[in-house]
Amino acid sequence: MPHKKRKKKKWIKTLTTNYRLVLLNEKTFEELISLRLRLLPIFVFISLSGIFLIFATTLIIAFTPLREYIPGYASTSLKEQTLELSVKTDSLIKIINSQQEYSQSIQKVLRGELEYAKLNIDSIVRVEAIDIPEEELVQSKAERALIEANKQKNIKK
């Protein structure tokens with residue numbers, strides 16, 4: 001544990017210690033620039049610059065057409081076209097299927113392979129046998145009043 005404290009203190013001391021940066025002309029050893037620096041502000045400046053650069057790059061890519069160049073990201077117009085084409089494809093498939101069924105039924109008719117509808121003779125006879133008396137077909141007073149009311153409404157419109 002005491003070893004860790006010493007390392008931590010040494011690290012903090014190196015960040016806060018003043019250093020001198022000197023630029024010299026190699027041939028004449030003339031001092032061109034001399035700067036006093038500490039590592040802590042330099043470290044903070046580089047860290048903030050990196051964070052800002054990442055943030056700015058993310059914003060530029062997210063809100064400009066550059067995002068279309070990212071692999072796997074489709075443009076909005078491409079998505080709209082895909083949706084439109086899938087709807088058209090589905091409708092064309094339905095049309096083709098109905099036309100195929102129609103042509104197959106036409107071919108069956110031409111070959112004579114029709115399946116005749118089986119009619120029940122009893123149902124035909126029963127329909128013919130129903131005889132409604134004329135008394136039941138006469139309109140009642142309530143029906144006549146309703147018909148007259150509807151006629152008057154239609155005339156007013």
# chains A, B, ... in the order shown; residues from 1 in each chain; ligands from 1
>>> select_by_dssp(residues="chain A", states="strand (DSSP E)", output="list in words")
Asn18, Tyr19, Arg20, Leu21, Val22, Leu23, Leu24, Glu31, Leu32, Ile33, Ser34, Leu35, Arg36, Leu37 and Arg38 of chain A
>>> closest_atom_pairs(of="segment 84-110 of chain A", to="segment 67-80 of chain A", cutoff="12 Å", atoms="only C-alpha atoms", output="tab-separated table")
residue	atom	partner	partner_atom	distance
A:Glu84	CA	A:Glu80	CA	6.2
A:Leu85	CA	A:Glu80	CA	8.6
A:Ser86	CA	A:Glu80	CA	10.0
A:Val87	CA	A:Glu80	CA	10.8
>>> atom_distance(atom1="atom CA of Lys10 of chain A", atom2="atom CA of Leu40 of chain A")
13.3 Å
